[in-house]
Amino acid sequence: MPPFIQTRGLEYAYPLDGRVIRALRGVDLTVERGEFVALIGPNGSGKSTLARHLNALLIPTAGEVWIDGMLTSDPRHLREIRRRVGMVFQNPDNQLVASTVEEEVAFGPENLGIPPEEIRRRVDEALEIVGMTGYRHHPPYMLSGGQKQRIAIAGALAARPDCLVLDEPTSMLDAHGRQQVMETLVRLNREVGLTIVLITQSMEEASLAHRVAVMDGGRIVLEGSPAEVFERAEALRGLGLGLPFAAEMAHRLRGMGIPLPPGLLTVEELARALCTSG
Amino acid sequence: MLLLPGMYMAADSPIHRLDPRAKMGAALVLMVLPFSVQRPLAYLVLIGVVAAVAWLARAPLKPLLRTLRTVFWLAVIMFVFYFFTTPGRPLLTLGEITVTWEGLIAGGLQVYRLCLVVIVAALLTYTTSPLQMTHGLEALLCPLARLGVPVRELGMVMTIALRFVPTFFDEMETLARAQRARGAEIGSGPPWRRLRSLVPVMVPLFVLAFRRAEDLAVAMEARGFRCSPHRTRLYCLSFTRWDGLAVLLVLGLAILVTR
């Protein structure tokens with residue numbers, strides 16, 4: 001079976017004020033079915049532009065994007081690609097359409113022309129997965145940011161996608177909201193087997209992924225498991241990116257001459273390593 | 001929360017349960033009837049019917065009557081106009097001006113009509129959620145789609161507008177607070193100044209609204225939105241026997257009182 005997402009030499013350029021902006025300059029990214037990939041990088045590195053190519057909101061100016069064996073530049077596949085790849089955006093207020101939670105979740109299935117009884121079943125199921133069943137009749141504006149994002153995730157899930165692409169879904173949330181959203185995502189990936197592409201500013205969030213891809217200047221400049229990527233502290237610092245707390249700590253301790261194994265990402269791992277090394 | 005006269009009030013009543021199409025149709029008939037009846041008894045019957053509907057809908061009397069305040073000045077102007085311009089048997093003569101019995105009756109009748117229309121409209125909004133109203137309107141306007149009127153699109157526009165009303169109110173408050181913190185005086189002084197003081201709030205509000213619109217369009221597209229007959233609905237409107245009965249009753253009433 002081909003990988004779920006494959007981009008080949010993906011380039012995207014658009015004119016702005018008489019100049020041509022080259023947002024993507026040859027991106028080769030492969031995401032396997034069931035994988036959890038985090039995309040990190042400084043502002044303007046092309047992360048969001050890449051995300052919008054993954055459900056054919058943007059079509060490459062050069063190169064190709066394949067989703068589940070379908071080429072995004074072929075208009076015949078548009079609807080199916082958008083069904084299989086659900087999107088969640090940064091601002092929870094700007095992506096909710098309806099005035100009640102259940103109508104919101106029903107929006108995607110309604111667009112697909114699914115019969116009402118089936119929509120009802122999917123709405124219930126999606127709300128159950130994100131733990132918002134009790135809020136079905138609430139208007140979205142009465143919910144917290146984290147709850148709104150979970151509704152947005154439920155809305156994407158109701159179309160029964162194979163993959164979720166999330167563009168900084170936690171950046172406008174408070175700590176509690178972030179945790180709610182990340183727990184939901186990890187559960188969806190581990191338990192339901194959903195493929196996840198997460199764009200994030202948070203290195204802690206990125207360290208929960210199977211794989212991290214670092215973007216800069218419209219290219220992927222670094223790619224690997226979180227342990228591998230976060231070993232490259234200097235390279236990341238050069239891009240203005242930090243490390244997860246535990247990795248940063250380990251890095252500094254090593255600098256002070258304390259021997260620690262590589263690939264420490266969580267506080268627990270760090271604590272255990274310190275106990276055994278001491 | 002936004003509280004206006006004529007806002008929706010969730011409750012479980014026979015009127016709340018009616019199909020929005022039946023309710024809107026019946027309301028329309030009830031709003032036209034005060035203008036087309038002739039006999040004094042018919043006027044009383046209409047008041048009785050509207051009162052009965054209000055009772056069935058469990059509408060609280062005070063807020064319902066308070067909605068009449070919104071048209072108080074209009075009622076006064078209409079009354080004065082008819083009172084002084086209708087010729088007939090003189091009731092009072094003050095110098096050049098003569099007012100007539102006919103004027104008194106015609107003016108009173110206008111006020112009566114206006115009040116009934118407002119009460120019926122208020123009852124409709126009290127018992128029908130904005131969402132149901134949108135669905136009902138869309139369904140009622142459906143025949144116009146054949147003439148090329150973008151009914152489904154208008155329905156979507158209404159749905160989104162309703163969804164964003166509270167969001168914009170929140171935003172407006174935030175902006176007003178931000179501008180006040182910078183020394184702007186908002187909502188004080190004579191009317192002209194008060195209006196002008198809204199500029200620093202309205203301009204950023206519009207800019208933000210456009211940004212929101214752009215984001216929302218992308219999000220809707222990502223979820224496969226299209227305006228087409230292939231779209232389905234979570235809630236389908238269902239026209240039951242009760243709806244049929246309600247419509248028949250109102251039509252029967254119309255025939256009875258206009259005869």
# chains A, B, ... in the order shown; residues from 1 in each chain; ligands from 1
$ select_by_dssp --residues "region 62-201 of chain A" --states "strand (DSSP E)" --output "ChimeraX atom specification"
/A:62-67,70-71,85-88,163-167,195-199
$ interface_residues --of "chain B" --to "chain A" --cutoff "7 Å" --atoms "only C-alpha atoms" --output "MDAnalysis selection string"
chainID B and resid 159:160 162:163 167 212 215:216 219 222:226 230:235
$ write_last_selection --atoms "C-alpha atoms" --output "mmCIF file, in the first residue's frame"
data_model
loop_
_atom_site.group_PDB
_atom_site.id
_atom_site.type_symbol
_atom_site.label_atom_id
_atom_site.label_comp_id
_atom_site.auth_asym_id
_atom_site.auth_seq_id
_atom_site.Cartn_x
_atom_site.Cartn_y
_atom_site.Cartn_z
ATOM 1 C CA THR B 159 -27.304 30.569 9.855
ATOM 2 C CA ILE B 160 -23.814 32.054 9.940
ATOM 3 C CA LEU B 162 -26.987 34.082 13.785
ATOM 4 C CA ARG B 163 -23.932 32.131 14.861
ATOM 5 C CA THR B 167 -19.217 36.627 18.875
ATOM 6 C CA ARG B 212 -13.043 35.992 10.346
ATOM 7 C CA ASP B 215 -10.924 32.001 7.915
ATOM 8 C CA LEU B 216 -14.468 30.691 8.010
ATOM 9 C CA ALA B 219 -12.709 26.114 7.134
ATOM 10 C CA ALA B 222 -12.026 22.199 4.030
ATOM 11 C CA ARG B 223 -15.153 20.476 5.331
ATOM 12 C CA GLY B 224 -16.495 20.000 1.846
ATOM 13 C CA PHE B 225 -19.144 22.711 1.890
ATOM 14 C CA ARG B 226 -21.126 23.279 -1.273
ATOM 15 C CA HIS B 230 -27.330 17.088 -2.371
ATOM 16 C CA ARG B 231 -26.781 18.622 1.047
ATOM 17 C CA THR B 232 -28.726 16.857 3.767
ATOM 18 C CA ARG B 233 -29.855 17.980 7.202
ATOM 19 C CA LEU B 234 -29.430 16.612 10.685
ATOM 20 C CA TYR B 235 -32.913 17.841 11.496
#
$ residues_around --residues "Leu245 (chain B)" --least-positions-apart "2" --cutoff "12 Å" --atoms "only C-alpha atoms" --output "ChimeraX atom specification"
/B:14,18-19,22-23,26,239-243,247-252
$ atom_distance --atom1 "CA of Glu205 (chain A)" --atom2 "CA of Arg25 (chain A)"
26.0 Å
$ atom_distance --atom1 "CA of Arg182 (chain B)" --atom2 "CA of Leu195 (chain B)"
18.1 Å
$ closest_residue --among "B:Gly244, B:Pro40, B:Pro130, B:Gly108" --to "Ala161 (chain B)" --atoms "only C-alpha atoms"
B:Pro130
$ select_by_dssp --residues "region 23-189 of chain A" --states "alpha helix (DSSP H)" --output "MDAnalysis selection string"
chainID A and resid 47:53 78:84 101:111 116:129 145:157 175:187
$ residues_around --residues "Ala42 (chain B)" --least-positions-apart "4" --cutoff "7 Å" --atoms "only C-alpha atoms" --output "short mmCIF file (atom, residue, chain, number, x, y, z; two decimals) with all heavy atoms, in the first residue's frame"
data_model
loop_
_atom_site.label_atom_id
_atom_site.label_comp_id
_atom_site.auth_asym_id
_atom_site.auth_seq_id
_atom_site.Cartn_x
_atom_site.Cartn_y
_atom_site.Cartn_z
N VAL B 37 -60.52 42.61 8.20
CA VAL B 37 -61.86 42.38 8.77
C VAL B 37 -62.61 43.70 8.87
O VAL B 37 -62.01 44.77 8.92
CB VAL B 37 -61.78 41.69 10.15
CG1 VAL B 37 -61.20 40.30 10.02
CG2 VAL B 37 -61.02 42.53 11.13
N LEU B 46 -60.48 38.33 17.00
CA LEU B 46 -59.04 38.26 16.72
C LEU B 46 -58.23 38.42 17.99
O LEU B 46 -57.27 37.69 18.23
CB LEU B 46 -58.63 39.33 15.71
CG LEU B 46 -58.99 39.02 14.25
CD1 LEU B 46 -58.48 40.11 13.34
CD2 LEU B 46 -58.41 37.67 13.84
N VAL B 257 -64.04 35.31 9.91
CA VAL B 257 -64.06 36.72 10.31
C VAL B 257 -64.10 37.69 9.14
O VAL B 257 -64.46 38.84 9.32
CB VAL B 257 -62.87 37.10 11.23
CG1 VAL B 257 -62.96 36.36 12.55
CG2 VAL B 257 -61.55 36.85 10.53
#
$ closest_residue --among "A:Pro244, A:Pro3, A:Gly34, A:Pro42" --to "Leu194 (chain A)" --atoms "only C-alpha atoms"
A:Gly34
$ residues_around --residues "Leu205 (chain B)" --least-positions-apart "2" --cutoff "9 Å" --atoms "only C-alpha atoms" --output "count of residues only"
12
$ residues_around --residues "Glu128 (chain A)" --least-positions-apart "5" --cutoff "12 Å" --atoms "only C-alpha atoms" --output "NGL selection string"
:A and (102 or 105 or 121-123 or 133-136 or 150-151 or 153-155 or 157-158 or 184 or 188)
$ write_last_selection --atoms "N, CA and C atoms" --output "compact mmCIF listing (two decimals), in the first residue's frame"
# COMPACT_ATOMS: atom_id res chain seq x y z
N GLU A 102 -24.35 20.31 18.23
CA GLU A 102 -24.62 19.15 17.38
C GLU A 102 -24.79 19.54 15.91
N VAL A 105 -21.27 19.82 14.51
CA VAL A 105 -20.64 18.54 14.20
C VAL A 105 -21.29 17.92 12.96
N ARG A 121 -26.20 9.37 14.07
CA ARG A 121 -25.31 8.36 14.64
C ARG A 121 -23.87 8.90 14.69
N ARG A 122 -23.45 9.54 13.59
CA ARG A 122 -22.07 10.03 13.53
C ARG A 122 -21.82 11.17 14.50
N VAL A 123 -22.83 12.05 14.64
CA VAL A 123 -22.68 13.18 15.56
C VAL A 123 -22.52 12.64 16.98
N THR A 133 -20.38 14.96 24.82
CA THR A 133 -21.77 14.54 24.62
C THR A 133 -22.75 15.42 25.40
N GLY A 134 -22.34 15.81 26.61
CA GLY A 134 -23.23 16.61 27.46
C GLY A 134 -23.50 18.01 26.95
N TYR A 135 -22.79 18.43 25.92
CA TYR A 135 -22.90 19.82 25.46
C TYR A 135 -23.64 19.95 24.13
N ARG A 136 -24.32 18.88 23.71
CA ARG A 136 -24.83 18.86 22.34
C ARG A 136 -25.74 20.03 21.99
N ARG A 150 -12.25 20.99 20.67
CA ARG A 150 -12.69 19.59 20.65
C ARG A 150 -13.93 19.44 19.78
N ILE A 151 -14.79 20.47 19.76
CA ILE A 151 -15.95 20.43 18.87
C ILE A 151 -15.49 20.46 17.42
N ILE A 153 -12.71 19.32 16.32
CA ILE A 153 -12.17 17.99 16.04
C ILE A 153 -13.33 17.02 15.79
N ALA A 154 -14.37 17.10 16.64
CA ALA A 154 -15.54 16.23 16.44
C ALA A 154 -16.16 16.48 15.07
N GLY A 155 -16.22 17.77 14.69
CA GLY A 155 -16.77 18.12 13.38
C GLY A 155 -15.99 17.47 12.25
N LEU A 157 -14.17 14.71 12.63
CA LEU A 157 -14.32 13.25 12.78
C LEU A 157 -15.63 12.73 12.20
N ALA A 158 -16.67 13.58 12.25
CA ALA A 158 -17.99 13.13 11.82
C ALA A 158 -18.01 12.78 10.33
N THR A 184 -6.90 14.35 23.60
CA THR A 184 -7.82 13.85 22.58
C THR A 184 -7.05 13.35 21.35
N LEU A 188 -6.89 9.58 19.88
CA LEU A 188 -7.38 9.28 18.53
C LEU A 188 -6.34 8.52 17.75
$ residues_around --residues "Thr100 (chain B)" --least-positions-apart "3" --cutoff "9 Å" --atoms "only C-alpha atoms" --output "VMD selection string"
chain B and resid 83 to 93 103 to 105
